[in-house]
$ cat model-v9.tsv   # TSV, C-alpha atoms and all ligand atoms
chain	number	residue	atom	x	y	z
A	730	MET	CA	92.99	31.85	90.12
A	731	LYS	CA	94.07	30.00	93.22
A	732	ALA	CA	93.27	31.88	96.43
A	733	ASN	CA	95.98	32.45	98.99
A	734	GLY	CA	94.54	31.37	102.37
A	735	ASN	CA	96.12	34.31	104.17
A	736	HIS	CA	94.72	36.91	101.83
A	737	THR	CA	91.19	38.05	102.47
A	738	ILE	CA	91.52	40.37	99.49
A	739	ASP	CA	93.92	39.65	96.66
A	740	LEU	CA	93.66	42.13	93.79
A	741	HIS	CA	95.52	42.11	90.49
A	742	ASP	CA	95.36	44.39	87.50
A	743	VAL	CA	92.26	46.29	88.60
A	744	LYS	CA	91.46	48.97	86.06
A	745	LYS	CA	88.49	51.24	85.67
A	746	VAL	CA	87.87	53.70	82.90
A	747	TYR	CA	84.67	55.69	83.33
A	748	ARG	CA	82.90	56.75	80.13
A	749	GLY	CA	85.81	55.68	78.00
A	750	LYS	CA	88.04	58.52	79.18
A	751	ILE	CA	88.35	58.88	82.97
A	752	HIS	CA	91.11	56.54	84.12
A	753	ALA	CA	90.06	56.11	87.76
A	754	LEU	CA	92.16	52.96	88.38
A	755	ARG	CA	95.22	52.13	86.31
A	756	GLY	CA	96.19	48.61	87.38
A	757	ILE	CA	95.94	48.00	91.11
A	758	GLU	CA	97.84	45.19	92.85
A	759	MET	CA	96.92	44.86	96.52
A	760	GLN	CA	96.72	42.14	99.15
A	761	VAL	CA	94.88	42.41	102.44
A	762	HIS	CA	95.77	39.80	105.04
A	763	ARG	CA	93.22	37.90	107.05
A	764	GLY	CA	92.63	39.52	110.46
A	765	GLU	CA	94.26	42.88	109.79
A	766	ILE	CA	93.03	46.44	109.68
A	767	PHE	CA	94.01	47.80	106.28
A	768	GLY	CA	93.85	51.49	105.43
A	769	LEU	CA	93.39	52.83	101.92
A	770	LEU	CA	94.47	56.46	101.63
A	771	GLY	CA	94.74	58.94	98.85
A	772	PRO	CA	93.73	62.42	97.81
A	773	ASN	CA	90.23	63.22	96.54
A	774	GLY	CA	89.54	61.46	93.28
A	775	ALA	CA	92.43	59.00	93.67
A	776	GLY	CA	90.09	56.07	93.04
A	777	LYS	CA	89.54	54.73	96.57
A	778	SER	CA	85.76	54.51	96.39
A	779	THR	CA	85.91	53.12	92.88
A	780	LEU	CA	88.09	50.28	94.15
A	781	VAL	CA	85.74	49.60	97.05
A	782	LYS	CA	82.72	49.68	94.74
A	783	ILE	CA	84.37	47.18	92.40
A	784	MET	CA	84.94	44.81	95.35
A	785	MET	CA	81.32	45.30	96.39
A	786	THR	CA	80.13	44.69	92.77
A	787	VAL	CA	78.51	48.14	92.62
A	788	VAL	CA	80.82	49.34	89.84
A	789	ARG	CA	81.75	47.18	86.89
A	790	PRO	CA	85.53	47.06	86.47
A	791	THR	CA	87.20	47.52	83.09
A	792	THR	CA	89.54	44.67	84.07
A	793	VAL	CA	89.93	42.79	87.34
A	794	LYS	CA	91.71	39.67	88.50
A	795	GLY	CA	91.79	38.36	92.01
A	796	THR	CA	89.70	37.20	94.90
A	797	MET	CA	87.85	38.32	97.97
A	798	LEU	CA	87.34	35.72	100.73
A	799	GLY	CA	88.68	33.16	98.30
A	800	ARG	CA	86.07	33.84	95.58
A	801	PRO	CA	86.56	35.81	92.37
A	802	ILE	CA	85.82	39.53	92.61
A	803	GLY	CA	82.25	39.98	91.42
A	804	HIS	CA	80.93	36.75	93.01
A	805	LYS	CA	77.77	38.12	94.64
A	806	PRO	CA	77.01	35.30	97.16
A	807	THR	CA	80.37	36.09	98.82
A	808	LEU	CA	78.90	39.44	99.86
A	809	GLU	CA	76.82	37.63	102.49
A	810	GLN	CA	80.04	37.44	104.51
A	811	VAL	CA	80.97	41.06	103.90
A	812	GLY	CA	79.78	44.18	105.75
A	813	TYR	CA	79.79	47.42	103.76
A	814	LEU	CA	79.46	51.06	104.71
A	815	PRO	CA	79.31	53.02	101.44
A	816	GLU	CA	80.46	56.63	101.18
A	817	HIS	CA	77.61	59.19	101.22
A	818	HIS	CA	75.18	56.46	102.19
A	819	ARG	CA	71.47	57.25	102.44
A	820	MET	CA	69.18	55.36	104.75
A	821	PRO	CA	65.36	55.48	104.58
A	822	GLN	CA	64.52	58.66	106.51
A	823	TYR	CA	61.16	57.43	107.83
A	824	LEU	CA	62.70	54.44	109.64
A	825	THR	CA	64.12	54.50	113.16
A	826	GLY	CA	67.70	53.43	113.83
A	827	ARG	CA	66.49	50.07	115.06
A	828	GLN	CA	64.25	49.57	112.00
A	829	VAL	CA	67.18	50.43	109.72
A	830	LEU	CA	69.30	47.72	111.30
A	831	HIS	CA	66.45	45.22	110.88
A	832	PHE	CA	65.94	46.32	107.30
A	833	TYR	CA	69.59	45.87	106.29
A	834	GLY	CA	69.87	42.72	108.40
A	835	ALA	CA	66.90	41.24	106.55
A	836	LEU	CA	68.44	42.22	103.20
A	837	ALA	CA	71.57	40.35	104.29
A	838	LYS	CA	69.37	37.33	105.14
A	839	VAL	CA	70.00	37.48	108.89
A	840	ARG	CA	67.30	35.51	110.75
A	841	ARG	CA	64.83	37.48	112.87
A	842	ALA	CA	65.98	36.12	116.27
A	843	GLN	CA	69.57	36.94	115.45
A	844	ARG	CA	68.54	40.34	114.10
A	845	ASN	CA	66.84	41.22	117.39
A	846	ARG	CA	69.88	40.25	119.40
A	847	ARG	CA	72.46	41.88	117.17
A	848	CYS	CA	70.38	45.01	116.81
A	849	ASP	CA	70.54	45.75	120.54
A	850	GLU	CA	74.17	44.71	120.82
A	851	LEU	CA	75.27	46.85	117.91
A	852	LEU	CA	73.25	49.92	118.88
A	853	ASP	CA	75.03	49.71	122.23
A	854	THR	CA	78.43	49.16	120.60
A	855	VAL	CA	78.11	52.30	118.49
A	856	GLY	CA	76.62	54.32	121.36
A	857	MET	CA	73.17	54.75	119.77
A	858	SER	CA	70.91	52.80	122.18
A	859	GLU	CA	69.17	55.94	123.37
A	860	TRP	CA	68.41	56.99	119.82
A	861	ALA	CA	67.28	53.54	118.67
A	862	ASN	CA	63.61	54.48	118.41
A	863	LYS	CA	64.09	57.92	116.87
A	864	LYS	CA	63.74	58.46	113.14
A	865	ILE	CA	66.78	58.60	110.92
A	866	SER	CA	65.59	62.02	109.69
A	867	SER	CA	66.43	63.44	113.15
A	868	TYR	CA	69.98	62.07	113.24
A	869	SER	CA	73.12	64.18	112.93
A	870	LYS	CA	75.81	63.25	110.40
A	871	GLY	CA	77.89	61.50	113.05
A	872	MET	CA	74.88	59.52	114.26
A	873	LEU	CA	74.19	58.40	110.71
A	874	GLN	CA	77.77	57.13	110.48
A	875	ARG	CA	77.43	55.26	113.77
A	876	VAL	CA	74.23	53.55	112.61
A	877	GLY	CA	75.85	52.99	109.23
A	878	LEU	CA	78.68	51.12	110.90
A	879	ALA	CA	76.22	49.08	112.98
A	880	GLN	CA	74.32	48.25	109.78
A	881	ALA	CA	77.54	46.96	108.20
A	882	LEU	CA	78.01	44.54	111.10
A	883	MET	CA	74.49	43.06	111.22
A	884	ASN	CA	75.46	39.93	109.29
A	885	ASP	CA	78.48	39.27	111.56
A	886	PRO	CA	80.76	39.62	108.52
A	887	GLU	CA	84.21	38.10	108.03
A	888	LEU	CA	85.30	41.20	106.15
A	889	VAL	CA	84.15	44.75	106.84
A	890	VAL	CA	84.63	47.37	104.11
A	891	LEU	CA	84.16	50.92	105.33
A	892	ASP	CA	84.32	53.96	103.06
A	893	GLU	CA	85.07	56.99	105.27
A	894	PRO	CA	83.49	55.59	108.46
A	895	THR	CA	84.47	58.58	110.59
A	896	ASP	CA	83.24	61.22	108.13
A	897	GLY	CA	81.44	63.86	110.23
A	898	VAL	CA	81.89	61.98	113.49
A	899	ASP	CA	83.01	63.90	116.61
A	900	PRO	CA	86.23	62.97	118.46
A	901	VAL	CA	84.46	60.78	121.01
A	902	GLY	CA	82.58	59.00	118.26
A	903	ARG	CA	85.79	58.53	116.29
A	904	ARG	CA	87.41	56.91	119.26
A	905	ASP	CA	84.34	54.67	119.69
A	906	ILE	CA	84.58	53.65	116.04
A	907	ARG	CA	88.30	52.94	116.40
A	908	ASP	CA	87.53	50.75	119.41
A	909	VAL	CA	84.94	48.85	117.36
A	910	LEU	CA	87.49	48.26	114.59
A	911	VAL	CA	90.07	46.95	117.04
A	912	LYS	CA	87.46	44.69	118.61
A	913	LEU	CA	86.61	43.29	115.18
A	914	LYS	CA	90.27	42.60	114.56
A	915	ASP	CA	90.55	40.87	117.95
A	916	GLN	CA	87.71	38.61	116.82
A	917	GLY	CA	89.77	37.66	113.78
A	918	LYS	CA	87.77	39.74	111.28
A	919	THR	CA	89.39	41.71	108.50
A	920	VAL	CA	88.75	45.44	108.22
A	921	PHE	CA	89.35	47.45	105.03
A	922	LEU	CA	88.80	51.16	105.38
A	923	ASN	CA	89.18	54.37	103.43
A	924	SER	CA	89.85	57.51	105.35
A	925	HIS	CA	91.33	60.97	105.11
A	926	LEU	CA	92.02	61.10	108.84
A	927	LEU	CA	95.63	60.04	108.74
A	928	SER	CA	96.36	60.23	112.45
A	929	GLU	CA	93.46	57.85	113.07
A	930	LEU	CA	94.60	55.40	110.45
A	931	GLU	CA	98.04	55.54	112.01
A	932	MET	CA	96.56	54.47	115.33
A	933	VAL	CA	94.69	51.40	114.07
A	934	CYS	CA	96.03	50.19	110.72
A	935	ASP	CA	98.40	47.26	110.40
A	936	ARG	CA	99.15	48.16	106.80
A	937	VAL	CA	98.22	50.91	104.39
A	938	ALA	CA	98.17	51.63	100.68
A	939	ILE	CA	98.37	55.15	99.30
A	940	LEU	CA	96.58	55.59	95.99
A	941	VAL	CA	97.60	58.48	93.79
A	942	GLN	CA	95.76	59.06	90.52
A	943	GLY	CA	94.61	55.49	90.25
A	944	ARG	CA	97.90	53.79	91.11
A	945	VAL	CA	99.37	52.34	94.28
A	946	SER	CA	102.13	54.72	95.25
A	947	GLN	CA	103.04	53.26	98.67
A	948	PHE	CA	102.11	49.92	100.20
A	949	GLY	CA	103.11	48.22	103.44
A	950	THR	CA	103.23	48.59	107.21
A	951	ILE	CA	103.61	52.15	108.45
A	952	ASP	CA	106.78	50.98	110.19
A	953	ASP	CA	108.31	49.72	106.94
A	954	LEU	CA	107.21	52.75	104.95
A	955	THR	CA	108.73	55.16	107.46
A	956	ARG	CA	111.85	53.09	108.27
A	957	GLU	CA	114.29	55.30	106.37
A	958	SER	CA	113.14	58.35	108.27
A	959	ARG	CA	113.64	56.77	111.72
A	960	ARG	CA	116.10	58.62	113.90
A	961	TYR	CA	116.93	59.63	117.44
A	962	GLU	CA	116.83	63.25	118.51
A	963	VAL	CA	119.06	63.93	121.50
A	964	VAL	CA	118.86	67.34	123.17
A	965	ILE	CA	121.75	68.51	125.39
A	966	ASP	CA	122.06	71.53	127.57
A	967	GLY	CA	124.30	74.24	126.11
A	968	LEU	CA	126.51	74.08	123.05
A	969	LEU	CA	128.18	71.00	121.62
A	970	PRO	CA	131.99	71.27	121.82
A	971	ASP	CA	133.78	70.99	118.45
A	972	GLY	CA	134.74	67.51	117.27
A	973	VAL	CA	132.46	65.56	119.61
A	974	LEU	CA	130.47	64.13	116.69
A	975	GLY	CA	133.65	63.19	114.83
A	976	SER	CA	133.05	59.44	114.85
A	977	PHE	CA	129.32	59.73	114.15
A	978	GLU	CA	129.34	60.30	110.42
A	979	ASN	CA	125.57	60.49	109.97
A	980	ALA	CA	124.87	62.69	112.97
A	981	ARG	CA	124.12	66.39	112.60
A	982	SER	CA	123.58	69.02	115.24
A	983	GLU	CA	121.69	72.27	115.51
A	984	SER	CA	121.66	74.83	118.32
A	985	LEU	CA	118.15	75.67	119.44
A	986	PRO	CA	117.00	79.16	120.50
A	987	ASN	CA	116.47	78.08	124.15
A	988	GLY	CA	120.20	77.48	124.67
A	989	THR	CA	120.12	73.75	124.04
A	990	THR	CA	121.57	71.76	121.15
A	991	GLN	CA	119.80	69.03	119.24
A	992	VAL	CA	121.76	66.12	117.81
A	993	VAL	CA	119.99	63.96	115.22
A	994	LEU	CA	121.25	60.45	114.57
A	995	PRO	CA	119.57	58.16	111.98
A	996	GLY	CA	118.72	54.78	113.49
A	997	THR	CA	115.89	52.43	114.31
A	998	GLU	CA	117.07	50.62	117.45
A	999	ALA	CA	117.82	51.95	120.94
A	1000	SER	CA	121.25	50.32	120.65
A	1001	ASP	CA	122.04	52.66	117.71
A	1002	VAL	CA	122.01	55.70	119.95
A	1003	GLN	CA	123.92	54.34	122.98
A	1004	PRO	CA	127.48	55.11	121.72
A	1005	LEU	CA	126.44	58.72	121.08
A	1006	LEU	CA	124.98	59.02	124.59
A	1007	ASP	CA	128.17	57.51	126.07
A	1008	THR	CA	130.27	60.08	124.19
A	1009	LEU	CA	128.08	62.98	125.31
A	1010	ARG	CA	128.23	61.80	128.94
A	1011	GLN	CA	131.99	61.42	128.77
A	1012	GLN	CA	132.08	65.08	127.77
A	1013	LYS	CA	130.08	65.83	130.98
A	1014	LEU	CA	127.24	67.19	128.85
A	1015	THR	CA	123.73	67.18	130.33
A	1016	ILE	CA	121.29	65.15	128.26
A	1017	VAL	CA	117.89	66.81	128.39
A	1018	SER	CA	115.96	64.33	126.26
A	1019	VAL	CA	116.33	61.37	123.92
A	1020	ARG	CA	113.41	60.81	121.57
A	1021	PRO	CA	112.94	58.15	118.90
A	1022	MET	CA	111.32	59.86	115.89
A	1023	ARG	CA	109.90	58.80	112.58
A	1024	GLU	CA	107.89	60.27	109.77
A	1025	SER	CA	104.18	60.47	110.51
A	1026	LEU	CA	101.65	58.96	108.16
A	1027	GLU	CA	100.85	62.52	107.17
A	1028	ASP	CA	104.47	63.14	106.11
A	1029	LEU	CA	104.43	59.89	104.18
A	1030	PHE	CA	101.15	60.83	102.52
A	1031	MET	CA	102.47	64.26	101.56
A	1032	ARG	CA	105.56	62.71	100.05
A	1033	ALA	CA	103.43	60.25	98.07
A	1034	VAL	CA	101.12	62.89	96.62
A	1035	MET	CA	103.82	65.45	95.85
A	1036	ASP	CA	104.86	65.77	92.22
A	1037	PRO	CA	108.68	65.67	92.34
A	1038	THR	CA	109.03	67.80	89.23
A	1039	THR	CA	106.74	70.67	90.24
A	1040	GLY	CA	106.89	70.31	94.04
A	1041	LYS	CA	103.10	70.64	94.11
A	1042	ALA	CA	100.51	68.11	95.26
A	1043	LEU	CA	99.23	65.96	92.42
A	1044	GLY	CA	95.85	67.33	91.35
A	1045	VAL	CA	92.43	66.21	92.42
A	1046	GLY	CA	90.75	63.60	90.27
A	1047	ALA	CA	91.81	61.10	87.68
A	1048	ALA	CA	93.56	62.30	84.55
A	1049	SER	CA	91.59	61.52	81.42
A	1050	ASN	CA	94.47	59.99	79.55
A	1051	GLY	CA	96.87	57.22	80.38
A	1052	THR	CA	100.04	59.27	80.68
A	1053	SER	CA	99.90	61.88	83.38
A	1054	ALA	CA	99.72	59.82	86.57
A	1055	LYS	CA	102.78	59.91	88.76
A	1056	GLY	CA	103.82	57.49	91.45
A	1057	ALA	CA	105.26	54.02	91.16
A	1058	SER	CA	103.33	51.75	88.91
A	1059	ALA	CA	101.79	48.88	90.82
A	1101	LIG	N1	80.23	57.35	88.18
A	1101	LIG	C1	81.30	58.00	87.73
A	1101	LIG	N2	81.36	58.46	86.47
A	1101	LIG	C2	82.42	59.13	86.00
A	1101	LIG	N3	83.53	59.37	86.72
A	1101	LIG	C3	83.53	58.92	87.99
A	1101	LIG	C4	82.43	58.23	88.56
A	1101	LIG	N4	82.75	57.90	89.85
A	1101	LIG	C5	83.97	58.39	90.05
A	1101	LIG	N5	84.45	59.00	88.94
A	1101	LIG	C6	85.79	59.62	88.80
A	1101	LIG	O1	86.77	58.64	89.10
A	1101	LIG	C7	87.82	59.21	89.84
A	1101	LIG	C8	87.98	58.47	91.16
A	1101	LIG	O2	86.85	58.74	91.97
A	1101	LIG	P1	86.63	58.05	93.39
A	1101	LIG	O3	85.27	58.46	93.86
A	1101	LIG	O4	86.92	56.60	93.27
A	1101	LIG	O5	87.77	58.77	94.25
A	1101	LIG	P2	88.06	58.75	95.81
A	1101	LIG	O6	89.48	58.42	95.97
A	1101	LIG	O7	87.06	57.91	96.52
A	1101	LIG	O8	87.86	60.30	96.19
A	1101	LIG	P3	87.31	60.97	97.56
A	1101	LIG	O9	88.47	61.01	98.50
A	1101	LIG	O10	86.94	62.34	97.12
A	1101	LIG	O11	86.16	60.16	98.08
A	1101	LIG	C9	87.49	60.70	89.97
A	1101	LIG	O12	88.13	61.39	88.94
A	1101	LIG	C10	86.00	60.74	89.80
A	1101	LIG	O13	85.61	61.97	89.26
A	1102	MG	MG	85.64	58.26	97.97
$ encode --input "model-v9.tsv" --output "structure tokens" --more "lines below"
Ligand SMILES: Nc1ncnc2c1ncn2[C@@H]1O[C@H](COP(=O)(O)OP(=O)(O)OP(=O)(O)O)[C@@H](O)[C@H]1O
Ligand SMILES: [Mg+2]
Amino acid sequence: MKANGNHTIDLHDVKKVYRGKIHALRGIEMQVHRGEIFGLLGPNGAGKSTLVKIMMTVVRPTTVKGTMLGRPIGHKPTLEQVGYLPEHHRMPQYLTGRQVLHFYGALAKVRRAQRNRRCDELLDTVGMSEWANKKISSYSKGMLQRVGLAQALMNDPELVVLDEPTDGVDPVGRRDIRDVLVKLKDQGKTVFLNSHLLSELEMVCDRVAILVQGRVSQFGTIDDLTRESRRYEVVIDGLLPDGVLGSFENARSESLPNGTTQVVLPGTEASDVQPLLDTLRQQKLTIVSVRPMRESLEDLFMRAVMDPTTGKALGVGAASNGTSAKGASA
């Protein structure tokens, strides 16, 4: 298959059936652009880690087509240019943080001089310099994640694949990790990450995919995926006189308990709301606030995982037959 130069990851028809019955992935199509931060979301058991493990050649796919860094999925030498933080990773407990970085750096064939330099740099980057010479066995969960991230960057990878990098990390640490991801992007690297922390993904991701029961349910920029929900909320003092919204077909209003009235107008651009503001001002109404609003990634996620027929979230885990998954087929 010919690689597209702009796609760091280009996946087609990725399927995985565990033990002949658990359909973890049911035909994934997904492209990750060079130099972007891409977020893979989905409820527990949706197949996120399975997909990552297939890219990292840890799990054998049932079918796969596509490329990573221009080479077919499964081409092991390509992994020299990839950094990987697995989920539930375990590092040798008797090593110090510094020794762990050397150990994984050596496994990734990083030369000793470069290892020494990168080790100090990365320990500083993830805020672990002071703990560098303490044993892994004494680290907290968040510290393990920080060192895990540093480990993934030892080989100065083109592509970084992180499975739940902020799992167990405190808010300061999460912000540090976000800063590292943005720095990587600024250097032109590609970041692919799985996370359940939607507000964090919203802050850093250029594009996202939502997996539901082994299929891609939503895929694109957060802006595109939430476009339909974009609107302006205008709050005015007091009640809205009858007929004022006459020429604004899509607008609706609601009086709020604090004596104000909220007018909601669908729209994406500031220019969409100006005629409404003009009308309200002509009526000598006091405008208290004008706020552009859109669905959050959490709303989008909830919509994607909700079963439209039952109104309940689609269950945890992959169904064991090929028929019960909901969500748009990829
Ligand atoms: N080694 C395995 N053998 C059998 N089934 C597996 C195996 N690994 C994963 N599964 C099943 O495949 C499905 C997808 O699991 P996966 O770990 O990829 O989900 P996930 O999206 O990463 O979930 P989480 O958010 O909980 O990490 C689940 O039903 C899981 O039970
Ligand atoms: Mg997982």
$ residues_around --input "model-v9.tsv" --residues "stretch 948-963 of chain A" --least-positions-apart "2" --cutoff "8 Å" --atoms "all atoms listed in the file" --output "JSON, numbers by chain"
{"A": [931, 935, 936, 937, 938, 939, 945, 946, 965, 991, 992, 993, 994, 995, 996, 997, 1002, 1016, 1017, 1018, 1019, 1020, 1021, 1022, 1023, 1024, 1025, 1026, 1029]}
$ residues_near_ligand --input "model-v9.tsv" --ligand "ligand MG 1102 (chain A)" --cutoff "8 Å" --atoms "only C-alpha atoms and all ligand atoms" --output "list of chain:residue names"
A:Asn773, A:Gly774, A:Gly776, A:Lys777, A:Ser778, A:Thr779, A:Glu816, A:Asp892, A:Glu893, A:Asn923
$ write_last_selection --input "model-v9.tsv" --atoms "C-alpha atoms" --output "PDB file, keeping the file's coordinate frame"
ATOM      1  CA  ASN A 773      90.230  63.220  96.540  1.00  0.00           C
ATOM      2  CA  GLY A 774      89.540  61.460  93.280  1.00  0.00           C
ATOM      3  CA  GLY A 776      90.090  56.070  93.040  1.00  0.00           C
ATOM      4  CA  LYS A 777      89.540  54.730  96.570  1.00  0.00           C
ATOM      5  CA  SER A 778      85.760  54.510  96.390  1.00  0.00           C
ATOM      6  CA  THR A 779      85.910  53.120  92.880  1.00  0.00           C
ATOM      7  CA  GLU A 816      80.460  56.630 101.180  1.00  0.00           C
ATOM      8  CA  ASP A 892      84.320  53.960 103.060  1.00  0.00           C
ATOM      9  CA  GLU A 893      85.070  56.990 105.270  1.00  0.00           C
ATOM     10  CA  ASN A 923      89.180  54.370 103.430  1.00  0.00           C
TER      11      ASN A 923
END
$ closest_residue --input "model-v9.tsv" --among "A:Gln942, A:Thr990, A:Gln880, A:Thr786" --to "ligand LIG 1101 (chain A)" --atoms "only C-alpha atoms and all ligand atoms"
A:Gln942
$ atom_distance --input "model-v9.tsv" --atom1 "atom CA of A:Ala775" --atom2 "atom CA of A:Asp908"
27.5 Å
$ closest_atom_pairs --input "model-v9.tsv" --of "chain A" --to "ligand LIG 1101 (chain A)" --cutoff "10 Å" --atoms "only C-alpha atoms and all ligand atoms" --output "Markdown table"
| residue | atom | partner | partner_atom | distance |
| --- | --- | --- | --- | --- |
| A:Lys745 | CA | A:LIG1101 | O1 | 8.3 |
| A:Val746 | CA | A:LIG1101 | O1 | 8.0 |
| A:Tyr747 | CA | A:LIG1101 | C2 | 4.9 |
| A:Arg748 | CA | A:LIG1101 | C2 | 6.4 |
| A:Gly749 | CA | A:LIG1101 | C2 | 9.3 |
| A:Lys750 | CA | A:LIG1101 | N3 | 8.8 |
| A:Ile751 | CA | A:LIG1101 | N3 | 6.1 |
| A:His752 | CA | A:LIG1101 | O1 | 6.9 |
| A:Ala753 | CA | A:LIG1101 | C7 | 4.4 |
| A:Leu754 | CA | A:LIG1101 | C8 | 7.5 |
| A:Leu769 | CA | A:LIG1101 | O6 | 9.1 |
| A:Leu770 | CA | A:LIG1101 | O6 | 7.8 |
| A:Gly771 | CA | A:LIG1101 | O6 | 6.0 |
| A:Pro772 | CA | A:LIG1101 | O9 | 5.5 |
| A:Asn773 | CA | A:LIG1101 | O9 | 3.4 |
| A:Gly774 | CA | A:LIG1101 | O5 | 3.4 |
| A:Ala775 | CA | A:LIG1101 | O6 | 3.8 |
| A:Gly776 | CA | A:LIG1101 | O4 | 3.2 |
| A:Lys777 | CA | A:LIG1101 | O6 | 3.7 |
| A:Ser778 | CA | A:LIG1101 | O7 | 3.6 |
| A:Thr779 | CA | A:LIG1101 | O4 | 3.6 |
| A:Leu780 | CA | A:LIG1101 | O4 | 6.5 |
| A:Val781 | CA | A:LIG1101 | O4 | 8.0 |
| A:Lys782 | CA | A:LIG1101 | O4 | 8.2 |
| A:Ile783 | CA | A:LIG1101 | O4 | 9.8 |
| A:Val788 | CA | A:LIG1101 | N1 | 8.2 |
| A:Glu816 | CA | A:LIG1101 | O11 | 7.4 |
| A:His817 | CA | A:LIG1101 | O11 | 9.2 |
| A:Asp892 | CA | A:LIG1101 | O7 | 8.1 |
| A:Glu893 | CA | A:LIG1101 | O11 | 7.9 |
| A:Asn923 | CA | A:LIG1101 | O7 | 8.0 |
| A:Ser924 | CA | A:LIG1101 | O9 | 7.8 |
| A:His925 | CA | A:LIG1101 | O9 | 7.2 |
| A:Leu940 | CA | A:LIG1101 | O6 | 7.6 |
| A:Val941 | CA | A:LIG1101 | O6 | 8.4 |
| A:Gln942 | CA | A:LIG1101 | C8 | 7.8 |
| A:Gly943 | CA | A:LIG1101 | C8 | 7.3 |
| A:Val1045 | CA | A:LIG1101 | O12 | 7.3 |
| A:Gly1046 | CA | A:LIG1101 | O12 | 3.7 |
| A:Ala1047 | CA | A:LIG1101 | O12 | 3.9 |
| A:Ala1048 | CA | A:LIG1101 | O12 | 7.0 |
| A:Ser1049 | CA | A:LIG1101 | O12 | 8.3 |
$ atom_distance --input "model-v9.tsv" --atom1 "atom CA of A:Leu830" --atom2 "atom CA of A:Asn845"
9.2 Å
$ residues_around --input "model-v9.tsv" --residues "A:Thr792" --least-positions-apart "6" --cutoff "7 Å" --atoms "all atoms listed in the file" --output "list in words"
Asp742, Val743, Lys744 and Lys745 of chain A
$ closest_atom_pairs --input "model-v9.tsv" --of "stretch 867-910 of chain A" --to "stretch 915-918 of chain A" --cutoff "12 Å" --atoms "only C-alpha atoms" --output "JSON lines"
{"residue": "A:Leu882", "atom": "CA", "partner": "A:Lys918", "partner_atom": "CA", "distance": 10.9}
{"residue": "A:Asp885", "atom": "CA", "partner": "A:Lys918", "partner_atom": "CA", "distance": 9.3}
{"residue": "A:Pro886", "atom": "CA", "partner": "A:Lys918", "partner_atom": "CA", "distance": 7.5}
{"residue": "A:Glu887", "atom": "CA", "partner": "A:Lys918", "partner_atom": "CA", "distance": 5.1}
{"residue": "A:Leu888", "atom": "CA", "partner": "A:Lys918", "partner_atom": "CA", "distance": 5.9}
{"residue": "A:Val889", "atom": "CA", "partner": "A:Lys918", "partner_atom": "CA", "distance": 7.6}
{"residue": "A:Val890", "atom": "CA", "partner": "A:Lys918", "partner_atom": "CA", "distance": 10.9}
{"residue": "A:Asp908", "atom": "CA", "partner": "A:Asp915", "partner_atom": "CA", "distance": 10.4}
{"residue": "A:Val909", "atom": "CA", "partner": "A:Asp915", "partner_atom": "CA", "distance": 9.8}
{"residue": "A:Leu910", "atom": "CA", "partner": "A:Asp915", "partner_atom": "CA", "distance": 8.7}
$ write_last_selection --input "model-v9.tsv" --atoms "C-alpha atoms" --output "PDB file, in the coordinates of the input"
ATOM      1  CA  LEU A 882      78.010  44.540 111.100  1.00  0.00           C
ATOM      2  CA  ASP A 885      78.480  39.270 111.560  1.00  0.00           C
ATOM      3  CA  PRO A 886      80.760  39.620 108.520  1.00  0.00           C
ATOM      4  CA  GLU A 887      84.210  38.100 108.030  1.00  0.00           C
ATOM      5  CA  LEU A 888      85.300  41.200 106.150  1.00  0.00           C
ATOM      6  CA  VAL A 889      84.150  44.750 106.840  1.00  0.00           C
ATOM      7  CA  VAL A 890      84.630  47.370 104.110  1.00  0.00           C
ATOM      8  CA  ASP A 908      87.530  50.750 119.410  1.00  0.00           C
ATOM      9  CA  VAL A 909      84.940  48.850 117.360  1.00  0.00           C
ATOM     10  CA  LEU A 910      87.490  48.260 114.590  1.00  0.00           C
TER      11      LEU A 910
END
$ atom_distance --input "model-v9.tsv" --atom1 "atom CA of A:Gln874" --atom2 "atom CA of A:Arg789"
25.9 Å
$ closest_residue --input "model-v9.tsv" --among "A:Val793, A:Leu851, A:Val920, A:Met785" --to "A:His762" --atoms "all atoms listed in the file"
A:Val920
$ closest_residue --input "model-v9.tsv" --among "A:His818, A:Arg875, A:Lys1041, A:Arg763" --to "A:Leu913" --atoms "all atoms listed in the file"
A:Arg763
$ residues_around --input "model-v9.tsv" --residues "A:Ala881" --least-positions-apart "2" --cutoff "9 Å" --atoms "only C-alpha atoms" --output "JSON, numbers by chain"
{"A": [811, 812, 813, 814, 830, 833, 834, 876, 877, 878, 879, 883, 884, 885, 886, 889, 890, 891]}
$ residues_around --input "model-v9.tsv" --residues "A:Thr1015" --least-positions-apart "3" --cutoff "8 Å" --atoms "all atoms listed in the file" --output "ChimeraX atom specification"
/A:965-966,1009-1010
$ closest_residue --input "model-v9.tsv" --among "A:Arg944, A:Thr1038, A:Thr825, A:Leu1006" --to "A:Ile757" --atoms "all atoms listed in the file"
A:Arg944
$ closest_residue --input "model-v9.tsv" --among "A:Cys848, A:Leu926, A:Leu808, A:Met1035" --to "A:Arg827" --atoms "all atoms listed in the file"
A:Cys848
